[in-house]
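One file, model_7.txt, carrying compact mmCIF, C-alpha atoms:
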# COMPACT_ATOMS: atom_id res chain seq x y z
CA MET A 1 -2.53 -18.57 -7.31
CA ARG A 2 -1.40 -16.41 -4.36
CA ILE A 3 2.21 -15.20 -4.08
CA ASP A 4 3.96 -13.11 -1.42
CA ILE A 5 5.47 -10.24 -3.44
CA GLY A 6 8.29 -10.03 -0.93
CA HIS A 7 9.62 -13.42 -2.02
CA ILE A 8 10.04 -13.61 -5.80
CA GLY A 9 12.52 -16.23 -6.95
CA ASP A 10 12.92 -18.60 -9.89
CA GLU A 11 10.13 -20.86 -8.64
CA GLU A 12 7.67 -17.97 -8.41
CA ILE A 13 8.69 -16.68 -11.86
CA ALA A 14 8.03 -20.12 -13.37
CA LYS A 15 4.60 -20.24 -11.69
CA ILE A 16 3.73 -16.79 -13.07
CA LYS A 17 4.64 -17.87 -16.60
CA GLU A 18 2.61 -21.06 -16.33
CA ALA A 19 -0.42 -19.32 -14.82
CA THR A 20 -0.35 -16.67 -17.54
CA GLN A 21 -0.33 -19.31 -20.28
CA THR A 22 -3.25 -21.15 -18.68
CA ARG A 23 -5.08 -17.83 -18.12
CA GLU A 24 -5.19 -18.29 -14.36
CA THR A 25 -5.45 -15.18 -12.20
CA ILE A 26 -2.27 -14.49 -10.23
CA GLU A 27 -2.56 -12.70 -6.89
CA PHE A 28 0.36 -10.91 -5.23
CA TYR A 29 0.10 -9.47 -1.73
CA SER A 30 1.98 -7.35 0.77
CA ASN A 31 1.35 -5.34 3.92
CA VAL A 32 3.64 -2.47 2.91
CA MET A 33 5.15 -0.65 -0.04
CA THR A 34 8.94 -0.40 0.11
CA ARG A 35 11.43 0.22 -2.68
CA GLU A 36 12.17 -3.52 -2.79
CA ILE A 37 8.46 -4.35 -2.98
CA GLU A 38 7.99 -1.83 -5.79
CA GLU A 39 10.84 -3.42 -7.73
CA ASN A 40 9.32 -6.87 -7.24
CA PHE A 41 5.96 -5.63 -8.52
CA GLN A 42 7.70 -4.27 -11.61
CA ARG A 43 9.62 -7.53 -12.04
CA VAL A 44 6.51 -9.72 -12.01
CA LEU A 45 4.77 -7.29 -14.36
CA VAL A 46 7.60 -7.74 -16.88
CA VAL A 47 7.32 -11.53 -16.61
CA PHE A 48 3.53 -11.39 -16.98
CA LEU A 49 3.53 -9.05 -19.99
CA THR A 50 6.32 -11.00 -21.68
CA ALA A 51 4.27 -14.18 -21.32
CA CYS A 52 1.32 -12.28 -22.83
CA ASP A 53 3.51 -10.93 -25.67
CA GLN A 54 2.47 -7.43 -24.57
CA THR A 55 5.72 -5.89 -23.33
CA HIS A 56 4.86 -2.62 -25.10
CA LEU A 57 2.36 -2.04 -22.28
CA PHE A 58 5.01 -2.06 -19.55
CA ASN A 59 5.60 1.70 -19.26
CA CYS A 60 1.89 2.39 -18.98
CA LEU A 61 1.00 -0.46 -16.65
CA SER A 62 4.08 -0.03 -14.49
CA TYR A 63 3.14 3.55 -13.69
CA CYS A 64 -0.57 2.77 -13.27
CA THR A 65 0.02 -0.28 -11.10
CA LEU A 66 2.51 1.40 -8.75
CA GLU A 67 0.29 4.47 -8.43
CA LEU A 68 -2.77 2.38 -7.53
CA LEU A 69 -0.75 0.24 -5.11
CA ALA A 70 0.65 3.35 -3.41
CA ASN A 71 -2.87 4.74 -3.07
CA ALA A 72 -4.09 1.44 -1.60
CA ASN A 73 -1.21 1.34 0.87
CA LYS A 74 -1.85 4.94 1.88
CA ALA A 75 -5.54 4.17 2.39
CA ASN A 76 -4.60 1.40 4.81
CA ALA A 77 -2.20 3.68 6.68
CA LYS A 78 -4.96 6.27 6.88
CA ARG A 79 -7.20 3.78 8.72
CA LEU A 80 -4.46 3.17 11.27
CA TYR A 81 -3.96 6.91 11.73
CA PHE A 82 -7.65 7.61 12.24
CA LYS A 83 -7.87 4.78 14.77
CA GLU A 84 -4.91 6.20 16.71
CA GLN A 85 -6.55 9.63 16.73
CA ASN A 86 -9.90 8.18 17.87
CA LEU A 87 -11.57 9.58 14.77
CA ASN A 88 -14.43 7.98 12.85
CA ILE A 89 -13.31 7.89 9.23
CA THR A 90 -16.90 7.51 8.00
CA ASN A 91 -17.99 10.69 9.78
CA GLU A 92 -17.63 13.72 7.50
CA LYS A 93 -16.56 16.09 10.30
CA ASP A 94 -14.01 13.61 11.68
CA TYR A 95 -12.76 12.87 8.17
CA SER A 96 -12.12 16.54 7.42
CA SER A 97 -10.42 17.00 10.79
CA GLY A 98 -8.22 13.94 10.38
CA MET A 99 -7.13 14.78 6.85
CA GLU A 100 -5.76 18.16 7.98
CA ASN A 101 -2.78 16.43 9.60
CA PHE A 102 -2.69 12.96 8.02
CA LYS A 103 -0.10 13.69 5.32
CA ALA A 104 2.23 15.38 7.77
CA ALA A 105 1.82 12.55 10.29
CA LEU A 106 2.49 9.90 7.65
CA SER A 107 5.52 11.73 6.28
CA GLY A 108 6.99 12.38 9.72
CA ASN A 109 6.39 8.89 11.09
CA LYS A 110 7.09 6.58 8.14
CA ILE A 111 8.85 3.91 10.19
CA HIS A 112 6.05 3.85 12.76
CA TYR A 113 3.31 3.36 10.18
CA MET A 114 5.34 0.86 8.18
CA THR A 115 5.82 -1.20 11.35
CA GLU A 116 2.14 -0.94 12.18
CA LEU A 117 1.15 -2.02 8.67
CA GLU A 118 3.55 -4.97 8.74
CA THR A 119 1.94 -6.31 11.91
CA SER A 120 -1.64 -5.48 10.94
CA LEU A 121 -4.15 -7.53 9.00
CA LEU A 122 -4.29 -4.81 6.34
CA GLU A 123 -2.96 -5.85 2.93
CA ILE A 124 -2.60 -4.58 -0.60
CA HIS A 125 -3.13 -6.95 -3.51
CA LEU A 126 -2.29 -7.05 -7.20
CA PHE A 127 -4.22 -9.42 -9.47
CA LEU A 128 -3.03 -10.08 -13.02
CA THR A 129 -5.12 -11.95 -15.58
CA ARG A 130 -4.68 -12.59 -19.26
CA ASP A 131 -7.79 -13.33 -21.32
CA ASP A 132 -9.23 -11.38 -24.24
CA VAL A 133 -8.07 -8.38 -22.23
CA ILE A 134 -5.18 -7.71 -19.88
CA THR A 135 -6.79 -7.20 -16.48
CA VAL A 136 -4.91 -5.50 -13.65
CA LYS A 137 -6.68 -5.25 -10.30
CA VAL A 138 -5.35 -3.51 -7.21
CA SER A 139 -7.16 -3.86 -3.92
CA ASN A 140 -6.83 -3.17 -0.23
CA ASN A 141 -8.94 -4.84 2.42
CA THR A 142 -10.64 -1.71 3.73
CA GLN A 143 -13.80 -0.05 2.48
CA ILE A 144 -13.49 3.34 0.84
CA THR A 145 -15.52 6.18 2.34
CA PRO A 146 -18.07 8.18 0.33
CA PHE A 147 -15.77 11.22 0.61
CA GLU A 148 -12.81 9.31 -0.85
CA TYR A 149 -14.92 7.79 -3.63
CA GLN A 150 -16.29 11.21 -4.59
CA ARG A 151 -12.76 12.63 -4.80
CA ILE A 152 -11.64 9.74 -7.02
CA GLN A 153 -14.54 10.26 -9.40
CA GLU A 154 -13.86 14.00 -9.52
CA LYS A 155 -10.24 13.40 -10.55
CA ILE A 156 -11.22 10.86 -13.21
CA ALA A 157 -13.76 13.34 -14.60
CA MET A 158 -11.17 16.15 -14.46
CA ALA A 159 -8.86 14.14 -16.71
CA LYS A 160 -11.35 14.51 -19.57
CA GLN A 161 -10.49 18.20 -19.97
CA TYR A 162 -6.83 17.51 -20.82
CA ASP A 163 -5.57 16.43 -24.22
CA SER A 164 -2.13 15.42 -23.00
CA MET A 165 -0.11 14.65 -19.89
CA GLU A 166 1.92 17.80 -20.54
CA ALA A 167 -1.24 19.90 -20.24
CA ALA A 168 -2.22 18.16 -16.99
CA LEU A 169 1.25 18.61 -15.50
CA THR A 170 1.06 22.30 -16.32
CA CYS A 171 -2.40 22.93 -14.90
CA VAL A 172 -2.84 20.50 -11.99
CA ASP A 173 -1.38 20.98 -8.51
CA GLN A 174 1.51 18.50 -8.29
CA THR A 175 1.70 18.26 -4.51
CA GLU A 176 1.17 14.85 -2.93
CA GLY A 177 -2.51 14.04 -2.50
CA SER A 178 -3.64 16.31 -5.34
CA GLY A 179 -4.97 13.38 -7.37
CA LEU A 180 -2.56 14.01 -10.24
CA GLY A 181 -1.62 10.32 -10.34
CA LEU A 182 -5.19 9.28 -11.16
CA ILE A 183 -5.40 11.93 -13.86
CA ILE A 184 -2.17 10.64 -15.43
CA ILE A 185 -3.51 7.07 -15.37
CA VAL A 186 -6.59 8.15 -17.34
CA LEU A 187 -4.42 10.08 -19.81
CA MET A 188 -2.07 7.11 -20.27
CA LEU A 189 -5.07 4.95 -21.10
CA LYS A 190 -6.19 7.63 -23.53
CA GLU A 191 -2.85 7.37 -25.34
CA LEU A 192 -3.65 3.67 -25.82
CA GLY A 193 -6.95 4.68 -27.40
CA LEU A 194 -8.96 3.82 -24.28
CA ASP A 195 -11.33 6.09 -22.37
CA GLU A 196 -11.82 6.49 -18.62
CA THR A 197 -14.31 3.58 -18.45
CA HIS A 198 -11.30 1.24 -18.60
CA LEU A 199 -10.45 2.35 -15.05
CA LYS A 200 -13.11 1.21 -12.59
CA TYR A 201 -13.55 1.28 -8.83
CA ASP A 202 -15.64 -1.34 -7.07
CA ILE A 203 -16.55 -1.12 -3.40
CA ASN A 204 -17.93 -3.60 -0.91
CA SER A 205 -17.91 -3.93 2.87
CA ASN A 206 -14.52 -5.65 2.95
CA GLU A 207 -12.37 -4.09 0.26
CA THR A 208 -11.81 -1.45 -2.39
CA VAL A 209 -10.82 -2.63 -5.88
CA ALA A 210 -9.40 -0.58 -8.75
CA THR A 211 -9.45 -2.35 -12.12
CA ILE A 212 -7.74 -1.52 -15.40
CA GLU A 213 -8.70 -3.48 -18.51
CA ILE A 214 -6.70 -3.22 -21.71
CA PRO A 215 -7.70 -5.11 -24.88
CA LEU A 216 -4.93 -7.25 -26.35
CA ASP A 217 -5.02 -5.22 -29.57
CA SER A 218 -3.92 -1.97 -27.85
CA TYR A 219 -0.57 -1.59 -29.59
CA ALA A 220 0.29 2.03 -28.93
CA GLU A 221 3.67 2.49 -27.29
CA LEU A 222 4.19 5.15 -24.62

Before anything else, please render the file you have as C-alpha cells.
Amino acid sequence: MRIDIGHIGDEEIAKIKEATQTRETIEFYSNVMTREIEENFQRVLVVFLTACDQTHLFNCLSYCTLELLANANKANAKRLYFKEQNLNITNEKDYSSGMENFKAALSGNKIHYMTELETSLLEIHLFLTRDDVITVKVSNNTQITPFEYQRIQEKIAMAKQYDSMEAALTCVDQTEGSGLGLIIIVLMLKELGLDETHLKYDINSNETVATIEIPLDSYAEL
C-alpha cells in the first residue's frame, strides 16, 4: 500500500489500520520535509503503533523516524546542490570541496531547494510493517557514497562508548551535521534493550535504506 504523506485523511487512516492488522507493509512518500509533513508522519506512526498495541514505542520511534527522514531528505538536497555546482559527488576531492559550503547553501536557500525537491524525481519513503517485529524503513532514491557510508558507520560505532544520552549530549559536538542524531538513535535502541545491529543500512544502485527492527516484546518506556 502506497500513500502520499501529504494527504492523510479518514480514508487513509482506515487503510493504515486495516493494513497493520493484515500485516501488510505500508509505504508513505514525499519529496520534501516540511513541518506539516513531519506532523503527518507522526500522526500515521501513532495510528500504526496503536493498531500494533505498541504505543509505548512512540517516543523512541518518533525521534528515530524523523531523524532518518530528515537525513534522507538532506541527502537528496545534497545531490541537487552538487549537480548545480558541477561537482561529482562520488569523487572524493569533489565531495570534500562540495561539503565545505553545502550546509550554508542549504540553510541560506531553503525555499530554492524545497522547490527543486518538489519538482524533482527524488523522494523519501517510510515503510511500516508489523510482524514478529516492528519494522521501520526509511529510504531515499539516491545511492549513498562510500564517504557518507563510512561516516554513518563511524557514528554508529561511536555510540558504543556512551552509557546514556546525557553522556553523548555532553561529549559530542551538537552542531548540525555532527552525526549526533544517529548516536541518539543507537542509544534509544539501547534503552529498549537492543544493540546497534537493530539499525541497519542497505545500499544498492537506486536507493539507500535505513532499517530499524524492534521485537514486539520490547516493553521499556522512554

Which value, in Å to one decimal, gives the distance between CA of Thr22 in chain A and CA of Asp132 in chain A? 12.7 Å

Using only C-alpha atoms, which of A:Phe28, A:Phe82, A:Tyr95, A:Phe41 sits nearest Leu66 in chain A?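 Of A:Phe28, A:Phe82, A:Tyr95, A:Phe41, the one nearest Leu66 in chain A is A:Phe41, counting only C-alpha atoms.
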
Nearest residue to Glu38 in chain A out of A:Glu18, A:Glu67, A:Glu12, A:Glu154, using only C-alpha atoms?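 Closest candidate: A:Glu67.
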
From A:Asn141, A:Thr65, A:Gln161, A:Asn204, residue lying nearest Leu187 in chain A [only C-alpha atoms]: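 For Leu187 in chain A, the nearest of the given residues is A:Gln161.
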
For Asn91 in chain A, list every protein, DNA or RNA residue within 10 Å, evaluated using all atoms listed in the file, and leave out those in the same chain fewer than 5 positions away; present the list as a list of chain:residue names.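 Non-adjacent residues within range: A:Ser96, A:Ser97, A:Thr145, A:Pro146, A:Phe147.
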
Please write the residues from the selection above to a file, keeping C-alpha atoms, as a CSV table (one decimal), in the coordinates of the input.
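Saved to again-v1.csv:
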chain,number,residue,atom,x,y,z
A,96,SER,CA,-12.1,16.5,7.4
A,97,SER,CA,-10.4,17.0,10.8
A,145,THR,CA,-15.5,6.2,2.3
A,146,PRO,CA,-18.1,8.2,0.3
A,147,PHE,CA,-15.8,11.2,0.6

Using all atoms listed in the file - which residues lie no farther than 12 Å from the point (-18.3, 2.6, -15.9) in the file's frame? Write them as a ChimeraX atom specification. /A:153,156-157,195-202,210-213

Residue nearest Ile111 in chain A - candidates A:Met158, A:Val133, A:Cys60, A:Met33, atoms counted: only C-alpha atoms: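 Among the listed residues, the smallest separation from Ile111 in chain A belongs to A:Met33.
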
Could you complete range 83-109 of chain A so that it carries N, CA, C and O atoms, and give it back as an mmCIF file, keeping the file's coordinate frame?
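And here's rebuild-v3.cif as it stands now:
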data_model
loop_
_atom_site.group_PDB
_atom_site.id
_atom_site.type_symbol
_atom_site.label_atom_id
_atom_site.label_comp_id
_atom_site.auth_asym_id
_atom_site.auth_seq_id
_atom_site.Cartn_x
_atom_site.Cartn_y
_atom_site.Cartn_z
ATOM 1 N N LYS A 83 -7.626 5.570 13.566
ATOM 2 C CA LYS A 83 -7.870 4.780 14.770
ATOM 3 C C LYS A 83 -7.043 5.318 15.930
ATOM 4 O O LYS A 83 -7.539 5.436 17.063
ATOM 5 N N GLU A 84 -5.783 5.644 15.665
ATOM 6 C CA GLU A 84 -4.910 6.200 16.710
ATOM 7 C C GLU A 84 -5.428 7.536 17.227
ATOM 8 O O GLU A 84 -5.258 7.861 18.409
ATOM 9 N N GLN A 85 -6.041 8.305 16.353
ATOM 10 C CA GLN A 85 -6.550 9.630 16.730
ATOM 11 C C GLN A 85 -7.971 9.576 17.276
ATOM 12 O O GLN A 85 -8.556 10.616 17.587
ATOM 13 N N ASN A 86 -8.520 8.366 17.394
ATOM 14 C CA ASN A 86 -9.900 8.180 17.870
ATOM 15 C C ASN A 86 -10.910 8.960 17.025
ATOM 16 O O ASN A 86 -11.843 9.580 17.540
ATOM 17 N N LEU A 87 -10.682 8.918 15.715
ATOM 18 C CA LEU A 87 -11.570 9.580 14.770
ATOM 19 C C LEU A 87 -12.328 8.543 13.961
ATOM 20 O O LEU A 87 -11.790 7.499 13.605
ATOM 21 N N ASN A 88 -13.585 8.851 13.659
ATOM 22 C CA ASN A 88 -14.430 7.980 12.850
ATOM 23 C C ASN A 88 -14.276 8.377 11.388
ATOM 24 O O ASN A 88 -14.755 9.430 10.975
ATOM 25 N N ILE A 89 -13.627 7.538 10.616
ATOM 26 C CA ILE A 89 -13.310 7.890 9.230
ATOM 27 C C ILE A 89 -14.554 8.001 8.355
ATOM 28 O O ILE A 89 -14.520 8.632 7.296
ATOM 29 N N THR A 90 -15.666 7.435 8.789
ATOM 30 C CA THR A 90 -16.900 7.510 8.000
ATOM 31 C C THR A 90 -17.742 8.736 8.360
ATOM 32 O O THR A 90 -18.763 8.994 7.727
ATOM 33 N N ASN A 91 -17.300 9.478 9.383
ATOM 34 C CA ASN A 91 -17.990 10.690 9.780
ATOM 35 C C ASN A 91 -17.360 11.879 9.043
ATOM 36 O O ASN A 91 -16.136 12.075 9.108
ATOM 37 N N GLU A 92 -18.171 12.659 8.350
ATOM 38 C CA GLU A 92 -17.630 13.720 7.500
ATOM 39 C C GLU A 92 -16.819 14.744 8.290
ATOM 40 O O GLU A 92 -15.746 15.174 7.843
ATOM 41 N N LYS A 93 -17.291 15.114 9.486
ATOM 42 C CA LYS A 93 -16.560 16.090 10.300
ATOM 43 C C LYS A 93 -15.228 15.516 10.771
ATOM 44 O O LYS A 93 -14.190 16.182 10.683
ATOM 45 N N ASP A 94 -15.247 14.255 11.241
ATOM 46 C CA ASP A 94 -14.010 13.610 11.680
ATOM 47 C C ASP A 94 -13.046 13.416 10.515
ATOM 48 O O ASP A 94 -11.825 13.562 10.669
ATOM 49 N N TYR A 95 -13.611 13.086 9.348
ATOM 50 C CA TYR A 95 -12.760 12.870 8.170
ATOM 51 C C TYR A 95 -12.021 14.156 7.805
ATOM 52 O O TYR A 95 -10.805 14.146 7.574
ATOM 53 N N SER A 96 -12.739 15.261 7.762
ATOM 54 C CA SER A 96 -12.120 16.540 7.420
ATOM 55 C C SER A 96 -11.062 16.917 8.450
ATOM 56 O O SER A 96 -9.976 17.397 8.101
ATOM 57 N N SER A 97 -11.364 16.685 9.713
ATOM 58 C CA SER A 97 -10.420 17.000 10.790
ATOM 59 C C SER A 97 -9.163 16.146 10.681
ATOM 60 O O SER A 97 -8.037 16.652 10.787
ATOM 61 N N GLY A 98 -9.353 14.855 10.459
ATOM 62 C CA GLY A 98 -8.220 13.940 10.380
ATOM 63 C C GLY A 98 -7.322 14.208 9.199
ATOM 64 O O GLY A 98 -6.088 14.093 9.300
ATOM 65 N N MET A 99 -7.913 14.573 8.067
ATOM 66 C CA MET A 99 -7.130 14.780 6.850
ATOM 67 C C MET A 99 -6.270 16.037 6.915
ATOM 68 O O MET A 99 -5.327 16.181 6.134
ATOM 69 N N GLU A 100 -6.567 16.951 7.854
ATOM 70 C CA GLU A 100 -5.760 18.160 7.980
ATOM 71 C C GLU A 100 -4.314 17.836 8.341
ATOM 72 O O GLU A 100 -3.385 18.537 7.933
ATOM 73 N N ASN A 101 -4.121 16.758 9.123
ATOM 74 C CA ASN A 101 -2.780 16.430 9.600
ATOM 75 C C ASN A 101 -2.268 15.067 9.142
ATOM 76 O O ASN A 101 -1.147 14.692 9.481
ATOM 77 N N PHE A 102 -3.076 14.327 8.384
ATOM 78 C CA PHE A 102 -2.690 12.960 8.020
ATOM 79 C C PHE A 102 -1.404 12.920 7.209
ATOM 80 O O PHE A 102 -0.489 12.148 7.515
ATOM 81 N N LYS A 103 -1.298 13.739 6.169
ATOM 82 C CA LYS A 103 -0.100 13.690 5.320
ATOM 83 C C LYS A 103 1.167 14.012 6.104
ATOM 84 O O LYS A 103 2.195 13.356 5.931
ATOM 85 N N ALA A 104 1.072 15.007 6.970
ATOM 86 C CA ALA A 104 2.230 15.380 7.770
ATOM 87 C C ALA A 104 2.598 14.264 8.747
ATOM 88 O O ALA A 104 3.781 13.961 8.949
ATOM 89 N N ALA A 105 1.574 13.639 9.340
ATOM 90 C CA ALA A 105 1.820 12.550 10.290
ATOM 91 C C ALA A 105 2.455 11.359 9.589
ATOM 92 O O ALA A 105 3.402 10.745 10.102
ATOM 93 N N LEU A 106 1.963 11.032 8.406
ATOM 94 C CA LEU A 106 2.490 9.900 7.650
ATOM 95 C C LEU A 106 3.926 10.167 7.206
ATOM 96 O O LEU A 106 4.799 9.295 7.308
ATOM 97 N N SER A 107 4.188 11.373 6.743
ATOM 98 C CA SER A 107 5.520 11.730 6.280
ATOM 99 C C SER A 107 6.524 11.773 7.428
ATOM 100 O O SER A 107 7.677 11.355 7.277
ATOM 101 N N GLY A 108 6.089 12.244 8.589
ATOM 102 C CA GLY A 108 6.990 12.380 9.720
ATOM 103 C C GLY A 108 7.167 11.127 10.551
ATOM 104 O O GLY A 108 8.043 11.081 11.424
ATOM 105 N N ASN A 109 6.340 10.125 10.291
ATOM 106 C CA ASN A 109 6.390 8.890 11.090
ATOM 107 C C ASN A 109 6.345 7.650 10.195
ATOM 108 O O ASN A 109 5.611 6.692 10.465
#
